[in-house]
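Read through the structure below, which is laid out as structure tokens, and then see the notes.
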Amino acid sequence: MIVGANGTGKSSIVCAICLGLAGKTAILGRGDKVGLYVKRGFPKGSIEIELCKNGGKVVINREIHVENNQSLWMLNGRHCNQKAVEEEVKALHIQVSNLCQFLPQEKVGEFAKMSKIELLEATEKSVGPPEMYEYHCELKNFRNKERELEVSMKTSYRPKAKQRNERNKHDVNRYYEKKRHLDVIELLEKKKPWVEYETTRKELEGIKRERDEAKRQLAALKQAQAPMLRKIQEIDNQLKPTEAQIKAKTVAIREASNQCKQKQDQLDRKHKEIEDIKQTLKLKQMEEEDHQKRISNTRRTINDLKEELAKVGDQPDVTPQINAINVELRRNQEERAKIEGDKADLRRERDNLYAECRSDKDLIMKRLSDMNNLLNAKEEKLRDRHRDTHAALQWLRQNKNQFTGNVHEPMMLVINVREHRFAKYVETHISFHDLRAFVFQKKDDMEKFMTEVRDKMNLKVNSISAPEESCSRRPPSRNIERFGFFTYLREMFDAPDEVMSYLCHQYKVHDVPVGNDQTKAMIKTVIEEPYLKVLYTTEERYTVKRSFYSNKISTSNSAVQPSQYLTITVDAEEKQQLEQQLKLKLKDNDERLKALQSDAAALDRRDNELLAEKKHLSEVKGKKRQLEQKISTKQDSVFHSVFSCGCMQLPDTLDEIDAMLNEERSRAECFTGLSESVVEEYNRREQEINNLEKELEEKSNALNTYRQNISEAKERWLNPLKQLVEQINGKFSDFFRSIQCAGEVDLHAENEEEYDKYGIRIRVKFHSSTQLHELTAYHQSGGERSVSTMLYLMALQELNRCPFRVVDEINQGMDPVNERRVFDIVVRTACKETTSQYFFITPKLLQNLQYAEEMTILCVHNGPQMLSPNQWNERTFIERCLQKNAQT
């Protein structure tokens, strides 16, 4: 335990531990440069820290130079760089950036502001096994990749490709239908020679029969004439004219034989062509079954349509109703035309109004535009710095009607400094957490808002409830008329009453003076003024503290940084006046125009109703005709399908073939604008779809793998975490019961699969009449938050795997009863053999506290009124204390 009055230097030990272990200055919440931590008036300062570990000790030295804010490092007596120190510190599981391990005075309030997610991560790092936080990060990465794969699978353009192919399928079908006609033409052209061959073959067979008959007759004649040969021989000379006739007959027979040979050759060629045709027809048979199926389906559709047609029956004549609707539609069109004419007149009137006051209007619009641009720039800065707050702002603007009291947007948007040079003081004085906070007049409204944006939307936002009694007009405690002070912070800016009330209550802006270079020159005299706690000079902020015991003064100062947000200023009153001026000039015109637009909208609605009724009547009127047309179309489809698939059925005469050829060519010519590219595109896209389905399958397999990995990682992480949180909850609940209050710690997750949203929720109850409430920066008082924070840290103490922990002035703000109870818990828990080293810093102690032998108490006596170390005698001090106690 480190005890000492305010200003004696207790927190310097905390700062030394942090900076000596390579911690960042932001952890301490004080100066942002290491040179500011060196005692004023000295060019440099040094820190030495000795750490104990197995196998030896580690000694770290850091020398800080004020002039350039540079540091010289030594590790075990050897010069090194900061990274080497950071690695050594990390190896010892020291985490000075973790509020669960290292809680400086300025960060006590921030512990309660930690989100559930941040608290879980800090707890994992602090008391969990070394691999627990790594498993958590691994699980979040797996979940992110799983989510990416899910999104990738959902956004796959496979359905779009299928839809596109479905649209092109009609053209493909038309292309194939045209091709079927061309195939029929090809078959007809092939069959035509075969028919010609058949005709010629039949003619040849007739000629052959005639030739055979002639041969038979010739043989019979020869046989019948044999007895007469001799007689013929005898009278040969007499029959020479007859021989000439026979010879002529022989020549005729020879010519007939030649003709038969030619016909035979033609017949052979036709046989070959017939074989080719047979092969082609065999290929066509493969398409016939599909054609038959389509024909069957179409016939079933025709039957269904005929049944529906039979049910429809005769419909009443709706033509008079349609005519009446048409008349009303024309009347509406005439009325609309009149309204449009009136609107045009109003627009011209408004243009004339603009023309009359164009110069004034241009100035107004330009000024308003400039103001809006400034406000937009302010809002953009908020979005860049804290997107969750900006998202909550958008929700608020859309849902302001849900709140009963005044609700103000984040302070940085509603605060307007009166001069640019004032912005840096206001922005330095108000923390960014509050600058981005929403301000509510009523607590119920704040609860409703936080439920929506924090609990439901998982946004990290700050909100503030203004004091019930306004503090915005609270006067300063004293007038400032010397030391160069020229104003108070409150007079430097304007803000809505609730915002100003909160700032006066929380930041005392009505009582913080701002001075100039004269103030800086007289600073030693200025800080002696008893009423001053915070003050500003031209470039610096001074914080003055007075010791409760010795009334001695300690001061700290830091540079006033340039403003990032509040330099953007808008005169809200002027903006309102300009907007009102412009509204008045156009209000009457806009109202009349709005009335006409309302009339036009009513006409449009009536038109839509009439058109819908007309459409219905037209559908009723055309239902029978549509059914008949569908039936006719389907029957034509069946006819063409039957025709296309029924080619062994082509006509058998040349005249019929020629007629059918002409018809098929005419049908084929009807299919224009089709080419093989349509089919190629269709087939290419089909292949694309197949590839996409394959890719989808691969992604699905990868997704299953990630889900398996997630399941394994979740089991490795979640079960030990639940056990850890249960242990913390057990100790935390016991501690709260020991002080007659109630507290719980649980693992909170709205969605078990969102591993980056898991968090530790602390809920506490300090009064029997209330319910458990989540620990936040706003629900509990400062003392209640301190007790809750302290007991949570103590619940971690026995589980902690870090070598030491530091808590600075956490008992400030506690009531004596709770402070005594918490102190007993700290002593009882931190003094166990199994726990880690514990640094407890406090400026005051209650009387008659229980101490333990394992405690080491360091009393910090530092200041001009204290004895020097060589004059201090511990034994004499104890003897005097004992004498004083005996006397009392």
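In the structure tokens, each chain is lettered A, B, ... as it comes, each chain's residues begin at 1, and ligands are numbered from 1 in order of appearance.
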(request) Name the residues in contact with Phe766 of chain A at a cut-off of 8 Å, using only C-alpha atoms, excluding same-chain residues fewer than 5 positions from it; report them as a VMD selection string. (result) chain A and resid 741 to 742 784
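Atom CA of Phe804 of chain A sits 25.2 Å away from atom CA of Cys137 of chain A.
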Can you list, as a compact mmCIF listing (two decimals) with N, CA and C atoms, in the first residue's frame, every protein, DNA or RNA residue that comes within 12 Å of Tyr425 of chain A when you count only C-alpha atoms, leaving out same-chain residues fewer than 4 positions away?
# COMPACT_ATOMS: atom_id res chain seq x y z
N VAL A 417 -18.51 28.00 -30.77
CA VAL A 417 -17.65 28.98 -30.10
C VAL A 417 -17.84 30.33 -30.78
N GLU A 419 -15.65 32.82 -31.07
CA GLU A 419 -14.50 33.23 -31.88
C GLU A 419 -13.63 32.01 -32.10
N HIS A 420 -12.97 31.96 -33.27
CA HIS A 420 -12.15 30.78 -33.60
C HIS A 420 -11.06 30.54 -32.57
N ARG A 421 -10.49 31.60 -32.02
CA ARG A 421 -9.37 31.43 -31.10
C ARG A 421 -9.80 30.82 -29.77
N HIS A 429 -10.87 21.43 -22.63
CA HIS A 429 -11.51 21.28 -21.32
C HIS A 429 -12.54 20.15 -21.29
N ILE A 430 -13.18 19.90 -22.42
CA ILE A 430 -14.24 18.88 -22.48
C ILE A 430 -13.66 17.64 -23.16
N SER A 431 -13.79 16.48 -22.52
CA SER A 431 -13.24 15.25 -23.09
C SER A 431 -13.98 14.89 -24.37
N THR A 487 -12.07 36.40 -19.33
CA THR A 487 -13.40 35.80 -19.46
C THR A 487 -13.39 34.43 -18.81
N TYR A 488 -14.59 33.86 -18.70
CA TYR A 488 -14.73 32.46 -18.29
C TYR A 488 -15.01 31.61 -19.52
N LEU A 489 -14.78 30.29 -19.39
CA LEU A 489 -15.01 29.38 -20.52
C LEU A 489 -16.45 29.47 -21.03
N ARG A 490 -17.41 29.59 -20.11
CA ARG A 490 -18.81 29.59 -20.53
C ARG A 490 -19.11 30.73 -21.48
N GLU A 491 -18.42 31.85 -21.33
CA GLU A 491 -18.69 33.01 -22.17
C GLU A 491 -18.07 32.88 -23.56
N MET A 492 -17.33 31.80 -23.78
CA MET A 492 -16.64 31.63 -25.07
C MET A 492 -17.48 30.88 -26.10
N PHE A 493 -18.59 30.30 -25.66
CA PHE A 493 -19.36 29.49 -26.61
C PHE A 493 -20.84 29.54 -26.26
N VAL A 509 -17.67 25.07 -16.29
CA VAL A 509 -17.22 26.03 -17.30
C VAL A 509 -17.54 27.47 -16.91
N VAL A 512 -14.29 28.54 -14.72
CA VAL A 512 -12.91 28.32 -15.19
C VAL A 512 -12.48 29.55 -15.96
N PRO A 513 -11.52 30.34 -15.41
CA PRO A 513 -11.11 31.58 -16.08
C PRO A 513 -10.08 31.32 -17.17
N VAL A 514 -10.04 32.24 -18.13
CA VAL A 514 -9.07 32.18 -19.22
C VAL A 514 -8.30 33.49 -19.21
N GLY A 515 -6.97 33.36 -19.19
CA GLY A 515 -6.12 34.55 -19.14
C GLY A 515 -5.23 34.67 -20.36
N VAL A 534 -8.78 25.12 -11.85
CA VAL A 534 -8.34 24.96 -13.24
C VAL A 534 -8.35 26.33 -13.88
N LEU A 535 -7.30 26.64 -14.65
CA LEU A 535 -7.25 27.92 -15.34
C LEU A 535 -6.47 27.76 -16.64
N TYR A 536 -6.66 28.72 -17.53
CA TYR A 536 -5.98 28.69 -18.82
C TYR A 536 -5.22 30.00 -19.03
N THR A 537 -4.02 29.84 -19.61
CA THR A 537 -3.31 31.00 -20.14
C THR A 537 -3.39 30.92 -21.65
N THR A 538 -2.58 31.72 -22.34
CA THR A 538 -2.70 31.75 -23.80
C THR A 538 -2.47 30.38 -24.43
N GLU A 539 -1.50 29.63 -23.92
CA GLU A 539 -1.14 28.36 -24.55
C GLU A 539 -1.12 27.18 -23.60
N GLU A 540 -1.48 27.35 -22.33
CA GLU A 540 -1.35 26.26 -21.37
C GLU A 540 -2.58 26.15 -20.48
N ARG A 541 -2.77 24.93 -19.97
CA ARG A 541 -3.82 24.65 -18.98
C ARG A 541 -3.12 24.28 -17.67
N TYR A 542 -3.60 24.86 -16.58
CA TYR A 542 -3.02 24.59 -15.26
C TYR A 542 -4.09 23.95 -14.38
N SER A 558 -0.25 21.50 -18.87
CA SER A 558 -0.09 20.85 -20.18
C SER A 558 -0.41 21.86 -21.26
N ALA A 559 0.13 21.59 -22.45
CA ALA A 559 -0.07 22.52 -23.57
C ALA A 559 -1.50 22.42 -24.08
N VAL A 560 -2.07 23.55 -24.46
CA VAL A 560 -3.40 23.58 -25.08
C VAL A 560 -3.23 23.27 -26.55
N GLN A 561 -3.78 22.13 -26.96
CA GLN A 561 -3.63 21.69 -28.35
C GLN A 561 -4.60 22.43 -29.27
N PRO A 562 -4.23 22.57 -30.56
CA PRO A 562 -5.14 23.22 -31.51
C PRO A 562 -6.46 22.46 -31.61
N SER A 563 -7.52 23.17 -31.87
CA SER A 563 -8.84 22.56 -31.97
C SER A 563 -8.96 21.77 -33.27
N GLN A 564 -9.65 20.62 -33.16
CA GLN A 564 -9.91 19.79 -34.35
C GLN A 564 -11.35 19.92 -34.84
N TYR A 565 -12.27 20.24 -33.92
CA TYR A 565 -13.68 20.18 -34.29
C TYR A 565 -14.41 21.51 -34.12
N LEU A 566 -14.15 22.20 -33.02
CA LEU A 566 -14.99 23.33 -32.66
C LEU A 566 -14.63 24.62 -33.37
N THR A 567 -13.55 24.61 -34.19
CA THR A 567 -13.25 25.81 -34.97
C THR A 567 -14.30 26.05 -36.04
(message) With only C-alpha atoms as the counted atoms, please give the residues lying no more than 9 Å from segment 448-463 of chain A, apart from itself and same-chain residues fewer than 4 positions off, as a list of chain:residue names.
(response) A:Lys113, A:Ser115, A:His386, A:Arg387, A:Asp388, A:Thr389, A:Ala391, A:Ala392, A:Trp395, A:Leu396, A:Gln402, A:Phe403, A:Pro410, A:His433, A:Asp434, A:Arg436, A:Ala437, A:Phe438, A:Val439, A:Phe440, A:Lys443, A:Asp444, A:Glu750, A:Lys757, A:Ala777, A:Tyr778
(message) Applying 12 Å and only C-alpha atoms, which residues near Thr555 of chain A remain after dropping the ones on its own chain fewer than 2 positions away? List them as a ChimeraX atom specification.
(response) /A:6-9,39-40,523-524,526-528,532-535,541-547,552-553,557-558
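Considering the residues A:Glu686, A:Gly783, A:Thr653, A:Glu427 and counting only C-alpha atoms, Glu196 of chain A has its shortest atom-to-atom contact with A:Thr653.
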(request) Tell me, as JSON, numbers by chain, which residues lie within 12 Å of Val860 of chain A, counting only C-alpha atoms; anything in the same chain fewer than 6 positions away does not count. (result) {"A": [1, 2, 3, 4, 5, 6, 7, 8, 9, 10, 11, 12, 13, 841, 842, 843, 844, 866, 867, 868, 869]}
Only N, CA, C and O atoms, please: the residues just picked out, written as a PDB file, in the first residue's frame.
ATOM      1  N   MET A   1       0.838  -1.181   0.000  1.00  0.00           N
ATOM      2  CA  MET A   1       0.000   0.000   0.000  1.00  0.00           C
ATOM      3  C   MET A   1       0.877   1.237   0.000  1.00  0.00           C
ATOM      4  O   MET A   1       1.858   1.322   0.736  1.00  0.00           O
ATOM      5  N   ILE A   2       0.513   2.197  -0.857  1.00  0.00           N
ATOM      6  CA  ILE A   2       1.249   3.454  -0.956  1.00  0.00           C
ATOM      7  C   ILE A   2       0.319   4.557  -0.486  1.00  0.00           C
ATOM      8  O   ILE A   2      -0.730   4.793  -1.082  1.00  0.00           O
ATOM      9  N   VAL A   3       0.691   5.210   0.612  1.00  0.00           N
ATOM     10  CA  VAL A   3      -0.174   6.209   1.244  1.00  0.00           C
ATOM     11  C   VAL A   3       0.557   7.541   1.258  1.00  0.00           C
ATOM     12  O   VAL A   3       1.769   7.605   1.472  1.00  0.00           O
ATOM     13  N   GLY A   4      -0.186   8.601   1.023  1.00  0.00           N
ATOM     14  CA  GLY A   4       0.402   9.930   1.088  1.00  0.00           C
ATOM     15  C   GLY A   4      -0.617  10.973   0.749  1.00  0.00           C
ATOM     16  O   GLY A   4      -1.589  10.712   0.027  1.00  0.00           O
ATOM     17  N   ALA A   5      -0.400  12.172   1.280  1.00  0.00           N
ATOM     18  CA  ALA A   5      -1.356  13.246   1.013  1.00  0.00           C
ATOM     19  C   ALA A   5      -1.349  13.621  -0.463  1.00  0.00           C
ATOM     20  O   ALA A   5      -0.401  13.325  -1.199  1.00  0.00           O
ATOM     21  N   ASN A   6      -2.427  14.301  -0.875  1.00  0.00           N
ATOM     22  CA  ASN A   6      -2.502  14.759  -2.258  1.00  0.00           C
ATOM     23  C   ASN A   6      -1.329  15.674  -2.578  1.00  0.00           C
ATOM     24  O   ASN A   6      -0.999  16.574  -1.805  1.00  0.00           O
ATOM     25  N   GLY A   7      -0.715  15.449  -3.729  1.00  0.00           N
ATOM     26  CA  GLY A   7       0.373  16.305  -4.167  1.00  0.00           C
ATOM     27  C   GLY A   7       1.739  15.872  -3.687  1.00  0.00           C
ATOM     28  O   GLY A   7       2.740  16.511  -4.012  1.00  0.00           O
ATOM     29  N   THR A   8       1.808  14.788  -2.889  1.00  0.00           N
ATOM     30  CA  THR A   8       3.116  14.368  -2.383  1.00  0.00           C
ATOM     31  C   THR A   8       3.880  13.518  -3.381  1.00  0.00           C
ATOM     32  O   THR A   8       5.087  13.333  -3.236  1.00  0.00           O
ATOM     33  N   GLY A   9       3.200  12.976  -4.378  1.00  0.00           N
ATOM     34  CA  GLY A   9       3.920  12.222  -5.402  1.00  0.00           C
ATOM     35  C   GLY A   9       3.586  10.748  -5.462  1.00  0.00           C
ATOM     36  O   GLY A   9       4.340   9.970  -6.053  1.00  0.00           O
ATOM     37  N   LYS A  10       2.450  10.334  -4.865  1.00  0.00           N
ATOM     38  CA  LYS A  10       2.066   8.911  -4.936  1.00  0.00           C
ATOM     39  C   LYS A  10       1.898   8.466  -6.380  1.00  0.00           C
ATOM     40  O   LYS A  10       2.412   7.428  -6.796  1.00  0.00           O
ATOM     41  N   SER A  11       1.163   9.276  -7.147  1.00  0.00           N
ATOM     42  CA  SER A  11       0.886   8.891  -8.533  1.00  0.00           C
ATOM     43  C   SER A  11       2.142   8.909  -9.388  1.00  0.00           C
ATOM     44  O   SER A  11       2.152   8.324 -10.474  1.00  0.00           O
ATOM     45  N   SER A  12       3.186   9.581  -8.909  1.00  0.00           N
ATOM     46  CA  SER A  12       4.453   9.538  -9.654  1.00  0.00           C
ATOM     47  C   SER A  12       4.990   8.118  -9.701  1.00  0.00           C
ATOM     48  O   SER A  12       5.646   7.717 -10.679  1.00  0.00           O
ATOM     49  N   ILE A  13       4.710   7.331  -8.639  1.00  0.00           N
ATOM     50  CA  ILE A  13       5.135   5.929  -8.639  1.00  0.00           C
ATOM     51  C   ILE A  13       4.378   5.164  -9.715  1.00  0.00           C
ATOM     52  O   ILE A  13       4.948   4.352 -10.451  1.00  0.00           O
ATOM     53  N   ILE A 841      -2.866   2.370  -4.125  1.00  0.00           N
ATOM     54  CA  ILE A 841      -2.461   3.752  -3.860  1.00  0.00           C
ATOM     55  C   ILE A 841      -3.673   4.511  -3.334  1.00  0.00           C
ATOM     56  O   ILE A 841      -4.763   4.453  -3.926  1.00  0.00           O
ATOM     57  N   THR A 842      -3.513   5.232  -2.231  1.00  0.00           N
ATOM     58  CA  THR A 842      -4.629   5.976  -1.654  1.00  0.00           C
ATOM     59  C   THR A 842      -4.109   7.213  -0.926  1.00  0.00           C
ATOM     60  O   THR A 842      -3.037   7.168  -0.317  1.00  0.00           O
ATOM     61  N   PRO A 843      -4.858   8.324  -0.985  1.00  0.00           N
ATOM     62  CA  PRO A 843      -4.425   9.532  -0.269  1.00  0.00           C
ATOM     63  C   PRO A 843      -4.898   9.558   1.178  1.00  0.00           C
ATOM     64  O   PRO A 843      -4.462  10.392   1.958  1.00  0.00           O
ATOM     65  N   LYS A 844      -5.824   8.644   1.560  1.00  0.00           N
ATOM     66  CA  LYS A 844      -6.380   8.692   2.912  1.00  0.00           C
ATOM     67  C   LYS A 844      -6.765   7.293   3.328  1.00  0.00           C
ATOM     68  O   LYS A 844      -6.958   6.403   2.501  1.00  0.00           O
ATOM     69  N   MET A 866       8.094  18.873   4.639  1.00  0.00           N
ATOM     70  CA  MET A 866       8.426  17.551   5.157  1.00  0.00           C
ATOM     71  C   MET A 866       9.889  17.483   5.585  1.00  0.00           C
ATOM     72  O   MET A 866      10.743  18.214   5.078  1.00  0.00           O
ATOM     73  N   LEU A 867      10.169  16.559   6.525  1.00  0.00           N
ATOM     74  CA  LEU A 867      11.556  16.324   6.931  1.00  0.00           C
ATOM     75  C   LEU A 867      12.329  15.688   5.788  1.00  0.00           C
ATOM     76  O   LEU A 867      11.770  14.900   5.003  1.00  0.00           O
ATOM     77  N   SER A 868      13.584  15.984   5.725  1.00  0.00           N
ATOM     78  CA  SER A 868      14.417  15.314   4.727  1.00  0.00           C
ATOM     79  C   SER A 868      14.639  13.879   5.174  1.00  0.00           C
ATOM     80  O   SER A 868      14.542  13.545   6.360  1.00  0.00           O
ATOM     81  N   PRO A 869      14.948  12.968   4.251  1.00  0.00           N
ATOM     82  CA  PRO A 869      15.080  11.548   4.617  1.00  0.00           C
ATOM     83  C   PRO A 869      16.110  11.291   5.704  1.00  0.00           C
ATOM     84  O   PRO A 869      15.917  10.397   6.544  1.00  0.00           O
TER      85      PRO A 869
END
(message) Could you check the closest approach to Glu752 of chain A for each of A:Leu696, A:Leu139, A:Ala601, A:Cys52 and tell me which residue wins, using only C-alpha atoms?
(response) A:Leu139
Could you name the residues that touch Glu754 of chain A at 12 Å or less, counting only C-alpha atoms, but leaving out those on the same chain fewer than 2 positions away, as a compact mmCIF listing (two decimals) with N, CA, C and O atoms, in the first residue's frame?
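Once written, part-v1.txt looks like this:
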# COMPACT_ATOMS: atom_id res chain seq x y z
N ILE A 117 -17.57 -5.79 -24.75
CA ILE A 117 -16.58 -6.45 -25.61
C ILE A 117 -15.17 -6.12 -25.13
O ILE A 117 -14.31 -7.00 -25.03
N HIS A 136 -9.80 -16.74 -29.28
CA HIS A 136 -10.90 -15.80 -29.57
C HIS A 136 -10.65 -15.07 -30.89
O HIS A 136 -11.54 -14.97 -31.74
N LEU A 139 -11.10 -17.46 -33.70
CA LEU A 139 -12.52 -17.72 -33.92
C LEU A 139 -13.18 -16.57 -34.67
O LEU A 139 -13.99 -16.78 -35.59
N LYS A 140 -12.82 -15.33 -34.32
CA LYS A 140 -13.38 -14.18 -35.04
C LYS A 140 -12.94 -14.18 -36.49
O LYS A 140 -13.72 -13.86 -37.39
N ASN A 141 -11.66 -14.55 -36.74
CA ASN A 141 -11.18 -14.61 -38.13
C ASN A 141 -11.93 -15.68 -38.92
O ASN A 141 -12.33 -15.46 -40.07
N PHE A 142 -12.10 -16.86 -38.29
CA PHE A 142 -12.85 -17.93 -38.96
C PHE A 142 -14.26 -17.47 -39.28
O PHE A 142 -14.78 -17.74 -40.37
N ARG A 143 -14.90 -16.78 -38.31
CA ARG A 143 -16.27 -16.32 -38.52
C ARG A 143 -16.34 -15.29 -39.64
O ARG A 143 -17.27 -15.31 -40.46
N ASN A 144 -15.35 -14.40 -39.71
CA ASN A 144 -15.32 -13.40 -40.79
C ASN A 144 -15.20 -14.08 -42.14
O ASN A 144 -15.88 -13.70 -43.10
N GLU A 146 -16.04 -17.17 -42.80
CA GLU A 146 -17.30 -17.88 -43.03
C GLU A 146 -18.36 -16.92 -43.56
O GLU A 146 -19.09 -17.23 -44.51
N ARG A 147 -18.42 -15.71 -42.96
CA ARG A 147 -19.39 -14.72 -43.41
C ARG A 147 -19.11 -14.29 -44.84
O ARG A 147 -20.03 -14.13 -45.65
N ASN A 458 -26.03 -2.46 -31.28
CA ASN A 458 -24.64 -2.76 -30.90
C ASN A 458 -23.69 -1.61 -31.25
O ASN A 458 -22.57 -1.83 -31.72
N ILE A 710 -14.61 -23.62 -36.95
CA ILE A 710 -15.28 -22.76 -35.97
C ILE A 710 -15.79 -23.59 -34.81
O ILE A 710 -15.65 -23.22 -33.64
N LYS A 714 -14.44 -22.94 -31.28
CA LYS A 714 -15.43 -22.49 -30.30
C LYS A 714 -15.39 -23.36 -29.05
O LYS A 714 -15.46 -22.87 -27.93
N HIS A 748 -22.09 -12.33 -22.07
CA HIS A 748 -23.25 -11.82 -22.81
C HIS A 748 -23.02 -11.91 -24.31
O HIS A 748 -21.96 -11.52 -24.81
N ALA A 749 -24.00 -12.49 -25.00
CA ALA A 749 -23.93 -12.57 -26.47
C ALA A 749 -25.35 -12.61 -27.00
O ALA A 749 -26.12 -13.51 -26.68
N GLU A 750 -25.71 -11.62 -27.82
CA GLU A 750 -27.05 -11.60 -28.40
C GLU A 750 -27.18 -12.68 -29.48
O GLU A 750 -28.25 -13.22 -29.70
N ASN A 751 -26.08 -12.96 -30.14
CA ASN A 751 -26.07 -14.00 -31.18
C ASN A 751 -24.84 -14.87 -30.95
O ASN A 751 -23.72 -14.39 -30.97
N GLU A 752 -25.06 -16.14 -30.69
CA GLU A 752 -23.95 -17.02 -30.34
C GLU A 752 -22.92 -17.15 -31.45
O GLU A 752 -21.77 -17.51 -31.20
N ASP A 756 -17.34 -11.73 -32.41
CA ASP A 756 -16.76 -10.42 -32.12
C ASP A 756 -17.71 -9.55 -31.30
O ASP A 756 -17.39 -8.43 -30.94
N LYS A 757 -18.92 -10.08 -31.00
CA LYS A 757 -19.89 -9.33 -30.20
C LYS A 757 -20.01 -9.89 -28.77
O LYS A 757 -20.81 -9.39 -27.99
N TYR A 758 -19.26 -10.94 -28.47
CA TYR A 758 -19.30 -11.47 -27.10
C TYR A 758 -18.73 -10.43 -26.13
O TYR A 758 -17.81 -9.69 -26.49
N GLY A 759 -19.27 -10.41 -24.93
CA GLY A 759 -18.76 -9.46 -23.95
C GLY A 759 -19.07 -9.92 -22.54
O GLY A 759 -19.87 -10.83 -22.31
(message) So that I can check the secondary structure, give me every residue of segment 459-603 of chain A assigned helix (DSSP H, G or I) by backbone DSSP, as a PyMOL selection string.
(response) chain A and resi 489-492+497-507+509-511+517-521+523-526+572-603
